[in-house]
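**Student:** Got a structure for you, questions after.
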Amino acid sequence: MRLKLNIWRQKKDEKKGCFESYEIANLSPDMSFLELLDQLNEQLVQQKKTPVAFDHDCREGICGSCSLVINGNPHGPHKGSAACQLHLRSFKDQEEIWVEPFRATAFPVIQDLIVNREALDRIIQVGGYVSVNTGSAPEAHSTPVEKAKADEAFSNAACIGCGACVAVCKNASASLFVAAKLSHLALLPQGQAERKNRTLKMVKQMEREGFGSCTNTGACSRACPKEISIHSIARMNREYFKSLLS
Amino acid sequence: MKLSSHVPSGPLEQKWDRHCFELPLINPANKRKYQIIVVGTGLAGASASASLAELGYQVKTFCIQDSPRRAHSIAAQGGINAAKNYPGDGDSVRRLFYDTVKGGDFRSREANVYRLAQISGQIIDQCVAQGVPFAREYGGLLANRSFGGAQVSRTFYARGQTGQQLLIGAYSALMRQVDKGGVKLFPRHEMMDLVVSEGQAVGITTRHLLTGEVKSHFAHAVILATGGYGNIFYLSTNAIHSNVSASWRCHKKGAFFANPCFTQIHPTCIPRSGNYQSKLTLLSESLRNDGRVWVPKKAKDSRLPKDIPEEQRDYYLERIYPGFGNLVPRDLASRQAKFQVDAGLGVGSTGEAVYLDFTEAMNRLGKKSLSEKYGNLFQMYEKITGENPYKTPMRIYPAVHYTMGGLWVDYNLESTVKGLFILGEANFSDHGANRLGASALMQGLADGYFIIPSTITSHLAGCLPVSEEKKHISLRESEKESEERLQNIMQIKGSKTAGDFHRRLGNIMWNQVGMIRNKTGLEKAIEEIQNLREEFWKELYIPGEQSNKNAELEKAMRIADFLELGELMAQDALEREESCGSHFREEYQSAEQEAIRDDENFCHVSIWENKQNEKTWNLHKENLDFKEVPLSVRSYK
């Protein structure tokens with residue numbers, strides 16, 4: 001296979017960047033998309049040029065490091081997978097591909113395809129937890145949890161914190177990310193004591209970080225590598241109003 | 001140097017309680033005067049950071065990722081063991097202890113393993129209280145499944161993402177402390193050096209991965225929770241950035257390295273497909289609960305699996321180990337797969353794979369129930385290979401996954417450098433020569449949540465809360481030393497990339513220090529690694545500058561350390577003239593290709609001391625005493 005890549009290049013500490021084009025040949029369709037970038041970088045290094053900087057680590061769709069928009073889609077064309085789980089068999093020979101970083105006011109570009117996503121950590125920091133000190137937990141079986149609820153909590157807890165929901169959203173809203181964490185903990189008995197406070201704090205922090213509001217387009221759920229449902233956002237809104245009123 | 005494990009006296013069951021009582025306490029008002037550095041934010045590091053900050057210490061936490069939530073513990077799939085005996089199938093603390101000692105092929109420290117089993121239940125309580133969504137039964141209680149090396153169901157799980165869910169629990173506890181001001185977080189920082197002053201760890205030096213800034217950080221104690229070194233094999237299931245450098249820098253500063261050759265090769269991974277491959281992907285061994293491993297009876301049988309009739313298949317694990325069947329420990333399952341492939345019975349286009357077949361489970365449980373248990377694993381397999389495991393058997397092959405070896409620690413998890421503590425996969429203590437499935441998560445969290453918060457006082461109580469200024473000189477010296485190392489490596493200006501050296505080192509390691517080892521191969525490996533290292537320091541090329549994000553420089557620094565560790569691993573494997581657990585020496589096997597252990601000469605931990613400024617090592621030994629689980633031939637037949 002042979003592909004033409006247009007990759008966003010932006011130097012550190014510079015406000016602007018641009019696309020640069022690279023031709024790359026002798027590719028196998030079984031290669032992963034990040035292996036394609038590896039191969040390109042190996043070529044660039046041999047030509048004494050600066051390789052493309054991108055975040056990556058586990059390469060199996062769970063660490064959430066990937067922050068690539070491929071042909072306009074965060075993480076690429078497939079539903080329910082991260083960029084590292086994309087293989088070249090999804091592209092046609094000779095195809096032209098556009099690669100950009102996740103873009104949002106709250107995710108400033110650091111260099112090339114690397115963005116700063118610390119805003120997401122700060123949202124968790126203000127309340128995305130159950131306050132239980134080590135050693136003070138009751139016996140695990142003391143509180144049964146309805147299986148359906150536990151499963152739904154899991155589906156929300158599956159968020160990998162990549163920020164694709166933000167990158168795809170026309171408002172650059174982090175609603176799906178925040179809603180997933182709020183749903184995870186609101187669905188479990190362990191999360192009840194701090195439920196209201198958590199909701200108010202996390203929503204406030206989301207606004208403070210410069211993320212936009214949700215207008216129910218639903219693009220976030222489609223882009224989410226863990227396919228977290230937009231219903232969670234409805235739950236977040238309900239939780240928020242309940243917290244305000246009570 | 002006389003090594004003491006500081007295992008408390010008294011009956012095994014009472015050692016830990018008694019030790020906790022005897023450990024000195026630090027008054028709550030004094031705790032905030034102590035600064036503690038934690039390197040790494042996986043299960044061990046995040047849980048330690050959170051727990052120590054809750055107690056009132058000032059914690060500084062470092063990780064190489066952009067967020068602490070991305071540490072490699074996140075990739076663990078299958079589950080976490082605990083001796084809760086919820087299913088009532090005969091489990092107990094003693095049985096978990098027994099299984100772990102036996103599974104480790106009698107090369108771990110009994111007292112440490114017993115403590116691990118004792119703490120295991122509390123870990124589950126803690127995680128459930130944090131909101132970790134473990135799998136549950138319809139009655140609302142926690143579900144369990146069985147794992148390799150055990151005949152009871154004691155593994156708690158959250159679909160195939162247990163590591164992720166546990167890490168999010170520990171990460172959220174950590175972030176809560178960041179909010180409270182108890183933890184200061186340093187993401188995108190790589191540890192370059194351990195600062196030692198008057199024989200004590202007093203801090204670390206780091207490089208900021210975006211700006212290149214080299215800076216020292218002071219602390220009264222340093223905790224390393226930086227994981228294992230499986231990436232030395234180039235292809236492994238480890239995340240791309242997992243590396244040995246933090247441990248290796250400590251090793252160079254006086255921390256002894258224990259059993260470096262004990263490397264776990266995981267039996268159920270997706271086989272490699274081409275030379276471009278950057279890593280291998282593991283599929284949880286929980287799949288072996290319902291999947292059956294087989295190869296065709298006839299060599300080089302190129303028929304599709306569905307066309308091979310039942311009587312022409314060899315379910316070799318069920319045949320050789322009728323007692324445990326497909327659930328034998330990892331080392332045995334991996335080695336048997338290699339034996340099949342070496343005998344020409346391998347399947348798939350490369351011939352380097354065996355089948356893992358779910359047909360029987362599909363008939364027994366139905367697709368729905370199978371997908372509830374393994375849905376995401378099947379999906380993951382399909383994404384990578386393009387094949388549907390509900391319809392055709394998976395192809396699997398062993399891959400490097402975990403390292404049981406690591407920095408030597410005593411019962412307090414303190415290394416041979418005073419004030420330097422090692423947690424999780426980075427230490428050596430609990431898994432002996434082979435780790436059982438679902439025990440890594442247990443150990444990481446036991447070390448971080450429950451052991452270090454108690455044992456760290458053994459060091460802190462004896463050291464005055466001195467201020468940073470007192471250690472000023474050693475901190476500056478370490479910065480200077482690190483900057484020089486960076487300059488030296490940038491100045492080589494050869495023509496070969498770091499990745500090129502990594503691949504070549506990986507080949508040497510996999511072929512000669514991998515699943516099966518022998519004297520000639522190991523001697524050859526040592527020579528080849530020495531030559532490769534020499535070439536590296538002459539021929540390496542790194543583009544760009546030190547003062548920027550420079551992935552090639554990061555890679556090169558890590559490979560420089562792997563090139564030293566590789567030699568030590570080969571030397572350790574050469575010196576251990578026996579087969580035990582993951583360490584299989586061709587010379588020491590029975591007629592049935594089973595490992596022959598030599599308890600008379602090798603019932604010890606091999607502990608390597610790096611000679612100052614030299615690339616040679618002194619060997620020390622910690623003799624292992626098996627009082628509670630009598631030494632026996634490990635049999636799963």
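As shown in the structure tokens, the chain order sets the letters A, B, ...; within each chain, residues go from 1, and ligands are also counted from 1 in the order they appear.
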DSSP on the backbone, alpha helix (DSSP H) only: what residues of range 202-242 of chain A does that give? Format it as a count of residues only.
**Tutor:** 24
**Student:** Return the neighbours of chain B among the residues of chain A, cut-off 6 Å, counting only C-alpha atoms, as a PyMOL selection string.
**Tutor:** chain A and resi 57-58+63+125+129-130+134+137+139-140+144-147+150+154+190
**Student:** Would you mind exporting the chosen residues as a PDB file, in the first residue's frame, restricted to N, CA, C and O atoms?
**Tutor:**
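Okay, out.pdb is ready:
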```pdb
ATOM      1  N   ASP A  57       0.539   5.483  24.018  1.00  0.00           N
ATOM      2  CA  ASP A  57       1.218   4.643  25.003  1.00  0.00           C
ATOM      3  C   ASP A  57       0.781   3.186  24.922  1.00  0.00           C
ATOM      4  O   ASP A  57       1.528   2.354  24.434  1.00  0.00           O
ATOM      5  N   CYS A  58      -0.456   2.875  25.333  1.00  0.00           N
ATOM      6  CA  CYS A  58      -0.813   1.453  25.448  1.00  0.00           C
ATOM      7  C   CYS A  58      -1.004   0.791  24.086  1.00  0.00           C
ATOM      8  O   CYS A  58      -0.783  -0.390  23.930  1.00  0.00           O
ATOM      9  N   CYS A  63      -5.623   3.470  27.280  1.00  0.00           N
ATOM     10  CA  CYS A  63      -4.974   4.504  28.102  1.00  0.00           C
ATOM     11  C   CYS A  63      -5.510   5.893  27.808  1.00  0.00           C
ATOM     12  O   CYS A  63      -5.410   6.795  28.632  1.00  0.00           O
ATOM     13  N   GLN A 125     -10.611  16.353  39.678  1.00  0.00           N
ATOM     14  CA  GLN A 125     -10.018  16.795  40.943  1.00  0.00           C
ATOM     15  C   GLN A 125     -11.034  17.459  41.893  1.00  0.00           C
ATOM     16  O   GLN A 125     -10.940  17.310  43.098  1.00  0.00           O
ATOM     17  N   TYR A 129     -14.977  11.604  42.616  1.00  0.00           N
ATOM     18  CA  TYR A 129     -14.549  10.485  43.470  1.00  0.00           C
ATOM     19  C   TYR A 129     -15.537  10.289  44.611  1.00  0.00           C
ATOM     20  O   TYR A 129     -16.412  11.109  44.843  1.00  0.00           O
ATOM     21  N   VAL A 130     -15.347   9.160  45.315  1.00  0.00           N
ATOM     22  CA  VAL A 130     -16.047   8.944  46.575  1.00  0.00           C
ATOM     23  C   VAL A 130     -15.007   9.212  47.651  1.00  0.00           C
ATOM     24  O   VAL A 130     -13.910   8.664  47.602  1.00  0.00           O
ATOM     25  N   THR A 134      -8.212   5.380  52.798  1.00  0.00           N
ATOM     26  CA  THR A 134      -7.725   4.001  52.808  1.00  0.00           C
ATOM     27  C   THR A 134      -7.920   3.382  54.181  1.00  0.00           C
ATOM     28  O   THR A 134      -7.547   3.977  55.191  1.00  0.00           O
ATOM     29  N   ALA A 137     -12.971   1.442  54.673  1.00  0.00           N
ATOM     30  CA  ALA A 137     -14.086   0.891  53.897  1.00  0.00           C
ATOM     31  C   ALA A 137     -14.800  -0.229  54.652  1.00  0.00           C
ATOM     32  O   ALA A 137     -14.174  -1.027  55.336  1.00  0.00           O
ATOM     33  N   GLU A 139     -17.034  -3.838  54.775  1.00  0.00           N
ATOM     34  CA  GLU A 139     -16.921  -5.114  54.059  1.00  0.00           C
ATOM     35  C   GLU A 139     -17.685  -5.010  52.716  1.00  0.00           C
ATOM     36  O   GLU A 139     -18.797  -4.476  52.657  1.00  0.00           O
ATOM     37  N   ALA A 140     -17.046  -5.510  51.668  1.00  0.00           N
ATOM     38  CA  ALA A 140     -17.552  -5.296  50.309  1.00  0.00           C
ATOM     39  C   ALA A 140     -18.973  -5.795  50.099  1.00  0.00           C
ATOM     40  O   ALA A 140     -19.738  -5.228  49.331  1.00  0.00           O
ATOM     41  N   PRO A 144     -25.383  -4.671  48.731  1.00  0.00           N
ATOM     42  CA  PRO A 144     -25.615  -5.241  47.403  1.00  0.00           C
ATOM     43  C   PRO A 144     -25.955  -4.132  46.406  1.00  0.00           C
ATOM     44  O   PRO A 144     -26.486  -3.093  46.800  1.00  0.00           O
ATOM     45  N   VAL A 145     -25.596  -4.341  45.159  1.00  0.00           N
ATOM     46  CA  VAL A 145     -25.924  -3.361  44.115  1.00  0.00           C
ATOM     47  C   VAL A 145     -26.668  -4.090  43.007  1.00  0.00           C
ATOM     48  O   VAL A 145     -26.187  -5.112  42.502  1.00  0.00           O
ATOM     49  N   GLU A 146     -27.808  -3.600  42.659  1.00  0.00           N
ATOM     50  CA  GLU A 146     -28.626  -4.194  41.599  1.00  0.00           C
ATOM     51  C   GLU A 146     -27.763  -4.367  40.343  1.00  0.00           C
ATOM     52  O   GLU A 146     -27.078  -3.431  39.929  1.00  0.00           O
ATOM     53  N   LYS A 147     -27.809  -5.545  39.758  1.00  0.00           N
ATOM     54  CA  LYS A 147     -26.886  -5.850  38.654  1.00  0.00           C
ATOM     55  C   LYS A 147     -27.029  -4.861  37.497  1.00  0.00           C
ATOM     56  O   LYS A 147     -26.037  -4.370  36.951  1.00  0.00           O
ATOM     57  N   ALA A 150     -25.300  -1.710  38.392  1.00  0.00           N
ATOM     58  CA  ALA A 150     -23.845  -1.887  38.410  1.00  0.00           C
ATOM     59  C   ALA A 150     -23.317  -1.911  36.978  1.00  0.00           C
ATOM     60  O   ALA A 150     -22.291  -1.317  36.667  1.00  0.00           O
ATOM     61  N   PHE A 154     -20.847   0.712  35.226  1.00  0.00           N
ATOM     62  CA  PHE A 154     -19.630   0.299  34.526  1.00  0.00           C
ATOM     63  C   PHE A 154     -19.541   0.962  33.158  1.00  0.00           C
ATOM     64  O   PHE A 154     -18.497   1.484  32.770  1.00  0.00           O
ATOM     65  N   GLN A 190     -22.541   3.761  46.715  1.00  0.00           N
ATOM     66  CA  GLN A 190     -21.352   4.382  47.320  1.00  0.00           C
ATOM     67  C   GLN A 190     -21.231   5.865  46.973  1.00  0.00           C
ATOM     68  O   GLN A 190     -20.584   6.618  47.674  1.00  0.00           O
TER      69      GLN A 190
END
```
**Student:** Just the strand (DSSP E or B) stuff from range 119-304 of chain B, please, per backbone DSSP, written as an MDAnalysis selection string.
**Tutor:** chainID B and resid 136 142 145:146 153:156 183:186 189:197 200:208 214:218 221:224 257:258 263:269 282 292:296
**Student:** Contacts of Arg235 in chain A at 9 Å or less, counting only C-alpha atoms, minus same-chain residues fewer than 5 places along, as a ChimeraX atom specification?
**Tutor:** /A:179,182-183,230,240
**Student:** Generate a file of the selected residues that holds C-alpha atoms, formatted as a PDB file, in the first residue's frame.
**Tutor:**
```pdb
ATOM      1  CA  ALA A 179     -21.763  13.158  32.557  1.00  0.00           C
ATOM      2  CA  LEU A 182     -21.379  11.791  37.376  1.00  0.00           C
ATOM      3  CA  SER A 183     -23.482   8.869  36.102  1.00  0.00           C
ATOM      4  CA  ILE A 230     -25.823  10.554  25.289  1.00  0.00           C
ATOM      5  CA  TYR A 240     -27.766  19.334  38.064  1.00  0.00           C
TER       6      TYR A 240
END
```
**Student:** Interatomic distance between CA of Tyr34 in chain B and CA of Ile451 in chain B?
**Tutor:**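 It comes out at 18.1 Å.
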**Student:** List the spatial neighbours of Arg222 in chain A as a count of residues only - criterion: any atom at most 10 Å away, only C-alpha atoms, same-chain residues fewer than 3 positions off excluded.
**Tutor:** 16
**Student:** Pick from B:Ile232, B:Ala150, B:Leu413, B:Ile516: nearest to Ser454 in chain B, with only C-alpha atoms counted?
**Tutor:**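 So, comparing all the options, the nearest one is B:Leu413.
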**Student:** What is the distance, in Å and to one decimal place, between CA of Lys471 in chain B and CA of Lys2 in chain B?
**Tutor:**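 Taking CA of Lys471 in chain B and CA of Lys2 in chain B, their separation equals 27.2 Å.
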**Student:** Could you list, as a list in words, every residue within 9 Å of Pro271 in chain B, counting only C-alpha atoms and ignoring same-chain residues fewer than 4 positions away?
**Tutor:**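 Counting only C-alpha atoms, the residues come to Leu280, Thr281, Thr350, Glu352, Ala353, Arg395, Ile396, Tyr397, Pro398 and Ala399 of chain B.
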**Student:** Could the residues in this selection be written to a file with N, CA, C and O atoms, as a short mmCIF file (atom, residue, chain, number, x, y, z; two decimals), in the first residue's frame?
**Tutor:**
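Output contents, as saved in again_8.cif:
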```cif
data_model
loop_
_atom_site.label_atom_id
_atom_site.label_comp_id
_atom_site.auth_asym_id
_atom_site.auth_seq_id
_atom_site.Cartn_x
_atom_site.Cartn_y
_atom_site.Cartn_z
N LEU B 280 2.76 -6.01 21.11
CA LEU B 280 1.84 -7.13 21.02
C LEU B 280 0.67 -6.87 21.95
O LEU B 280 0.78 -6.13 22.92
N THR B 281 -0.45 -7.50 21.64
CA THR B 281 -1.63 -7.27 22.45
C THR B 281 -2.02 -8.55 23.16
O THR B 281 -2.08 -9.62 22.56
N THR B 350 1.97 -17.69 9.78
CA THR B 350 3.37 -17.74 10.20
C THR B 350 3.72 -19.09 10.84
O THR B 350 4.89 -19.39 11.04
N GLU B 352 3.33 -19.64 13.78
CA GLU B 352 3.67 -19.32 15.18
C GLU B 352 2.42 -18.98 15.96
O GLU B 352 2.25 -17.86 16.44
N ALA B 353 1.53 -19.95 16.09
CA ALA B 353 0.30 -19.73 16.85
C ALA B 353 -0.35 -21.07 17.16
O ALA B 353 -0.06 -22.08 16.51
N ARG B 395 -6.37 -17.28 17.14
CA ARG B 395 -4.98 -17.74 17.09
C ARG B 395 -4.23 -16.99 18.18
O ARG B 395 -4.33 -15.76 18.27
N ILE B 396 -3.52 -17.72 19.01
CA ILE B 396 -2.79 -17.06 20.10
C ILE B 396 -1.34 -17.54 20.14
O ILE B 396 -1.02 -18.62 19.63
N TYR B 397 -0.49 -16.72 20.72
CA TYR B 397 0.90 -17.13 20.93
C TYR B 397 1.45 -16.36 22.13
O TYR B 397 1.01 -15.25 22.39
N PRO B 398 2.41 -16.95 22.86
CA PRO B 398 2.94 -16.27 24.05
C PRO B 398 3.70 -14.99 23.71
O PRO B 398 4.30 -14.88 22.64
N ALA B 399 3.66 -14.04 24.64
CA ALA B 399 4.43 -12.80 24.49
C ALA B 399 4.88 -12.32 25.86
O ALA B 399 4.23 -12.60 26.88
#
```
**Student:** Need the shell around range 405-408 of chain B: protein/DNA/RNA residues with any atom at most 6 Å away, counting only C-alpha atoms. Skip same-chain ones fewer than 4 positions apart. Format as a compact mmCIF listing (two decimals) with C-alpha atoms, in the first residue's frame?
**Tutor:**
```
# COMPACT_ATOMS: atom_id res chain seq x y z
CA PHE B 256 20.46 -4.13 44.34
CA PHE B 257 18.58 -5.90 41.54
CA ALA B 258 16.94 -9.26 42.35
CA ASN B 259 16.20 -12.17 39.99
CA PRO B 260 16.39 -10.07 36.82
CA PHE B 262 12.46 -13.99 35.85
CA SER B 415 15.67 -1.28 48.98
CA ALA B 426 9.19 -2.73 40.14
CA ASN B 427 10.10 -4.84 43.19
CA PHE B 428 10.81 -8.55 43.20
```
**Student:** Identify, on the basis of only C-alpha atoms, every residue whose closest approach to Ser369 in chain B does not exceed 12 Å; exclude the query and any residue fewer than 6 positions from it along the same chain; express the result as a list in words.
**Tutor:**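 Residues meeting the cut-off are Asp290, Ala361, Met362, Asn363, Gly375 and Tyr390 of chain B.
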